Amino acid sequence: MYIHELSPVPGSTHVDKRKGRGHATGNGKTAGRGHKGQKARSGGGVRIGFEGGQMPLARRIPKRGFNNIFAKPLEAVNVSALESFEDGAVVDAKALLDAGILSECKYGVKVLGNGNVSKKLTVKAAAFSETAKQKIEAAGGKAEVI
């Protein structure tokens, strides 16, 4: 196979419709814009979120507190999920992903204290709850903040 023999899969490409190029094309005259009105004009249309003068949804719904748009949310994992690892294992974000406990880990892991752990594990995470730290150390393991 050569590069000049490559072609797109049939049906994956199509010819673009050329608007306003005559009646015979099926897209002539008004070019799919209908007759008159704001949306028929050049540069016409309304901004995102505009609801025709009605109070927009973004202003109708209540807002409360502070929402940090720069927050980097941590993935939560309970102590009970760590029970699936063998004794003496080092548990970090990669190990949790490989084990299928987490499906993605963008910013880090926080270990929460729900459940029990009986194995001696070295757990490396971005954060631990107090109860999680106590349960891991009570089982003889280590809770390391990375």
# chains A, B, ... in the order shown; residues from 1 in each chain; ligands from 1
>>> residues_around(residues="Asn114 of chain A", least_positions_apart="4", cutoff="8 Å", atoms="only C-alpha atoms", output="ChimeraX atom specification")
/A:78-80,132
>>> residues_around(residues="segment 41-48 of chain A", least_positions_apart="4", cutoff="12 Å", atoms="only C-alpha atoms", output="JSON, numbers by chain")
{"A": [30, 31, 32, 33, 34, 35, 36, 37, 52, 53, 56, 57, 58]}
>>> write_last_selection(atoms="all heavy atoms", output="mmCIF file, in the first residue's frame")
data_model
loop_
_atom_site.group_PDB
_atom_site.id
_atom_site.type_symbol
_atom_site.label_atom_id
_atom_site.label_comp_id
_atom_site.auth_asym_id
_atom_site.auth_seq_id
_atom_site.Cartn_x
_atom_site.Cartn_y
_atom_site.Cartn_z
ATOM 1 N N THR A 30 -32.945 32.680 -0.813
ATOM 2 C CA THR A 30 -32.768 33.036 0.599
ATOM 3 C C THR A 30 -31.671 32.218 1.274
ATOM 4 O O THR A 30 -31.359 32.448 2.434
ATOM 5 C CB THR A 30 -34.085 32.853 1.373
ATOM 6 O OG1 THR A 30 -34.537 31.512 1.192
ATOM 7 C CG2 THR A 30 -35.151 33.817 0.905
ATOM 8 N N ALA A 31 -31.118 31.262 0.556
ATOM 9 C CA ALA A 31 -29.985 30.467 1.044
ATOM 10 C C ALA A 31 -30.240 29.807 2.396
ATOM 11 O O ALA A 31 -29.388 29.809 3.281
ATOM 12 C CB ALA A 31 -28.733 31.326 1.095
ATOM 13 N N GLY A 32 -31.433 29.249 2.576
ATOM 14 C CA GLY A 32 -31.753 28.511 3.792
ATOM 15 C C GLY A 32 -32.031 29.374 4.995
ATOM 16 O O GLY A 32 -32.157 28.879 6.108
ATOM 17 N N ARG A 33 -32.157 30.721 4.787
ATOM 18 C CA ARG A 33 -32.380 31.622 5.916
ATOM 19 C C ARG A 33 -33.852 32.011 6.079
ATOM 20 O O ARG A 33 -34.178 32.766 6.988
ATOM 21 C CB ARG A 33 -31.564 32.906 5.726
ATOM 22 C CG ARG A 33 -30.072 32.720 5.941
ATOM 23 C CD ARG A 33 -29.334 33.969 5.535
ATOM 24 N NE ARG A 33 -27.952 33.942 5.942
ATOM 25 C CZ ARG A 33 -27.457 34.557 7.012
ATOM 26 N NH1 ARG A 33 -28.268 35.252 7.796
ATOM 27 N NH2 ARG A 33 -26.184 34.492 7.295
ATOM 28 N N GLY A 34 -34.715 31.534 5.211
ATOM 29 C CA GLY A 34 -36.121 31.908 5.293
ATOM 30 C C GLY A 34 -36.343 33.315 4.780
ATOM 31 O O GLY A 34 -35.498 33.871 4.087
ATOM 32 N N HIS A 35 -37.494 33.897 5.104
ATOM 33 C CA HIS A 35 -37.835 35.233 4.616
ATOM 34 C C HIS A 35 -37.747 36.262 5.727
ATOM 35 O O HIS A 35 -38.418 36.147 6.744
ATOM 36 C CB HIS A 35 -39.264 35.235 4.053
ATOM 37 C CG HIS A 35 -39.378 34.441 2.798
ATOM 38 N ND1 HIS A 35 -39.021 34.920 1.567
ATOM 39 C CD2 HIS A 35 -39.785 33.166 2.592
ATOM 40 C CE1 HIS A 35 -39.219 33.999 0.656
ATOM 41 N NE2 HIS A 35 -39.682 32.916 1.244
ATOM 42 N N LYS A 36 -36.948 37.272 5.528
ATOM 43 C CA LYS A 36 -36.827 38.426 6.435
ATOM 44 C C LYS A 36 -36.557 38.029 7.897
ATOM 45 O O LYS A 36 -36.281 36.880 8.202
ATOM 46 C CB LYS A 36 -38.072 39.315 6.323
ATOM 47 C CG LYS A 36 -38.279 39.881 4.939
ATOM 48 C CD LYS A 36 -39.414 40.888 4.951
ATOM 49 C CE LYS A 36 -39.667 41.448 3.563
ATOM 50 N NZ LYS A 36 -40.831 42.339 3.562
ATOM 51 N N GLY A 37 -36.595 39.009 8.746
ATOM 52 C CA GLY A 37 -36.378 38.759 10.163
ATOM 53 C C GLY A 37 -34.919 38.898 10.569
ATOM 54 O O GLY A 37 -34.028 38.980 9.737
ATOM 55 N N GLY A 52 -34.867 36.505 24.186
ATOM 56 C CA GLY A 52 -35.874 37.406 23.635
ATOM 57 C C GLY A 52 -36.335 38.473 24.601
ATOM 58 O O GLY A 52 -37.428 38.998 24.476
ATOM 59 N N GLY A 53 -35.533 38.809 25.574
ATOM 60 C CA GLY A 53 -35.921 39.830 26.544
ATOM 61 C C GLY A 53 -36.436 39.240 27.835
ATOM 62 O O GLY A 53 -36.455 39.911 28.866
ATOM 63 N N PRO A 56 -33.122 35.741 31.481
ATOM 64 C CA PRO A 56 -32.434 34.509 31.097
ATOM 65 C C PRO A 56 -32.271 33.528 32.258
ATOM 66 O O PRO A 56 -32.208 33.930 33.428
ATOM 67 C CB PRO A 56 -31.051 34.991 30.635
ATOM 68 C CG PRO A 56 -31.167 36.447 30.447
ATOM 69 C CD PRO A 56 -32.271 36.920 31.312
ATOM 70 N N LEU A 57 -32.183 32.261 31.906
ATOM 71 C CA LEU A 57 -32.061 31.194 32.896
ATOM 72 C C LEU A 57 -30.867 31.432 33.818
ATOM 73 O O LEU A 57 -30.957 31.225 35.029
ATOM 74 C CB LEU A 57 -31.913 29.844 32.193
ATOM 75 C CG LEU A 57 -31.794 28.630 33.104
ATOM 76 C CD1 LEU A 57 -33.119 28.394 33.813
ATOM 77 C CD2 LEU A 57 -31.400 27.404 32.329
ATOM 78 N N ALA A 58 -29.755 31.886 33.256
ATOM 79 C CA ALA A 58 -28.546 32.112 34.050
ATOM 80 C C ALA A 58 -28.766 33.165 35.131
ATOM 81 O O ALA A 58 -28.063 33.189 36.136
ATOM 82 C CB ALA A 58 -27.401 32.538 33.138
#
>>> closest_residue(among="A:Asp98, A:Glu144, A:Glu130, A:Glu83", to="Val117 of chain A", atoms="only C-alpha atoms")
A:Glu83
>>> closest_residue(among="A:Lys72, A:Lys142, A:Arg64, A:Lys29", to="Val109 of chain A", atoms="only C-alpha atoms")
A:Lys72
>>> select_by_dssp(residues="chain A", states="helix (DSSP H, G or I)", output="PyMOL selection string")
chain A and resi 3-5+23-25+38-40+57-60+79-84+93-98+130-138
>>> atom_distance(atom1="atom CA of Gly115 of chain A", atom2="atom CA of Leu97 of chain A")
19.9 Å
>>> closest_residue(among="A:Pro62, A:Gly113, A:Gly140, A:Gly49", to="Val77 of chain A", atoms="only C-alpha atoms")
A:Gly113
>>> closest_residue(among="A:Ala138, A:Val15, A:Ala127, A:Ala95", to="Gly108 of chain A", atoms="only C-alpha atoms")
A:Ala127
>>> closest_residue(among="A:Thr122, A:Thr13, A:Ser7, A:Gln54", to="Val91 of chain A", atoms="only C-alpha atoms")
A:Thr122
>>> residues_around(residues="Ala126 of chain A", least_positions_apart="4", cutoff="10 Å", atoms="only C-alpha atoms", output="PyMOL selection string")
chain A and resi 74-75+92-93+107-111+144-146
>>> select_by_dssp(residues="segment 109-138 of chain A", states="strand (DSSP E)", output="PyMOL selection string")
chain A and resi 109-112+122-125+127-128
>>> write_last_selection(atoms="all heavy atoms", output="CSV table (one decimal), in the first residue's frame")
chain,number,residue,atom,x,y,z
A,109,VAL,N,-5.7,11.9,44.1
A,109,VAL,CA,-6.6,11.1,44.9
A,109,VAL,C,-6.7,11.5,46.3
A,109,VAL,O,-5.7,11.9,46.9
A,109,VAL,CB,-6.1,9.6,44.8
A,109,VAL,CG1,-7.1,8.7,45.6
A,109,VAL,CG2,-6.0,9.1,43.4
A,110,LYS,N,-7.9,11.5,46.9
A,110,LYS,CA,-8.1,11.7,48.3
A,110,LYS,C,-8.7,10.4,48.8
A,110,LYS,O,-9.7,9.8,48.3
A,110,LYS,CB,-9.1,12.8,48.6
A,110,LYS,CG,-9.3,13.0,50.1
A,110,LYS,CD,-10.0,14.3,50.5
A,110,LYS,CE,-10.1,14.4,52.0
A,110,LYS,NZ,-10.6,15.7,52.4
A,111,VAL,N,-8.1,9.9,49.9
A,111,VAL,CA,-8.5,8.6,50.5
A,111,VAL,C,-9.5,9.0,51.7
A,111,VAL,O,-9.1,9.7,52.6
A,111,VAL,CB,-7.4,7.8,51.0
A,111,VAL,CG1,-7.9,6.5,51.6
A,111,VAL,CG2,-6.4,7.5,49.9
A,112,LEU,N,-10.7,8.4,51.6
A,112,LEU,CA,-11.7,8.6,52.6
A,112,LEU,C,-11.8,7.4,53.5
A,112,LEU,O,-11.5,6.3,53.2
A,112,LEU,CB,-13.0,9.0,52.0
A,112,LEU,CG,-13.0,10.2,51.0
A,112,LEU,CD1,-14.4,10.3,50.4
A,112,LEU,CD2,-12.6,11.4,51.7
A,122,THR,N,1.2,0.7,51.9
A,122,THR,CA,1.8,2.0,51.8
A,122,THR,C,1.0,2.8,50.8
A,122,THR,O,1.0,2.5,49.6
A,122,THR,CB,3.3,2.0,51.3
A,122,THR,OG1,4.0,1.2,52.2
A,122,THR,CG2,3.9,3.4,51.3
A,123,VAL,N,0.2,3.7,51.2
A,123,VAL,CA,-0.8,4.5,50.4
A,123,VAL,C,-0.2,5.9,50.1
A,123,VAL,O,0.1,6.6,51.1
A,123,VAL,CB,-2.2,4.6,51.0
A,123,VAL,CG1,-3.2,5.2,50.1
A,123,VAL,CG2,-2.7,3.2,51.5
A,124,LYS,N,0.0,6.2,48.8
A,124,LYS,CA,0.5,7.5,48.4
A,124,LYS,C,-0.7,8.2,47.7
A,124,LYS,O,-1.2,7.8,46.7
A,124,LYS,CB,1.6,7.4,47.5
A,124,LYS,CG,2.8,6.7,48.1
A,124,LYS,CD,4.0,6.6,47.1
A,124,LYS,CE,5.2,6.0,47.8
A,124,LYS,NZ,6.3,5.9,46.9
A,125,ALA,N,-1.1,9.4,48.3
A,125,ALA,CA,-2.2,10.1,47.8
A,125,ALA,C,-2.0,11.6,48.0
A,125,ALA,O,-1.2,12.0,48.8
A,125,ALA,CB,-3.5,9.7,48.4
A,127,ALA,N,-4.3,13.6,49.4
A,127,ALA,CA,-4.9,13.9,50.7
A,127,ALA,C,-5.5,12.7,51.3
A,127,ALA,O,-5.9,11.7,50.7
A,127,ALA,CB,-6.0,15.0,50.4
A,128,PHE,N,-5.7,12.8,52.6
A,128,PHE,CA,-6.3,11.7,53.4
A,128,PHE,C,-7.3,12.4,54.4
A,128,PHE,O,-7.0,13.4,55.0
A,128,PHE,CB,-5.3,10.9,54.2
A,128,PHE,CG,-4.3,10.1,53.4
A,128,PHE,CD1,-3.1,10.7,52.9
A,128,PHE,CD2,-4.6,8.8,53.1
A,128,PHE,CE1,-2.2,10.0,52.2
A,128,PHE,CE2,-3.7,8.1,52.3
A,128,PHE,CZ,-2.5,8.6,51.9
>>> atom_distance(atom1="atom CA of Asp87 of chain A", atom2="atom CA of Cys105 of chain A")
23.7 Å
>>> residues_around(residues="Phe85 of chain A", least_positions_apart="5", cutoff="9 Å", atoms="only C-alpha atoms", output="list in words")
Val90, Val91, Ala99, Lys119 and Leu121 of chain A
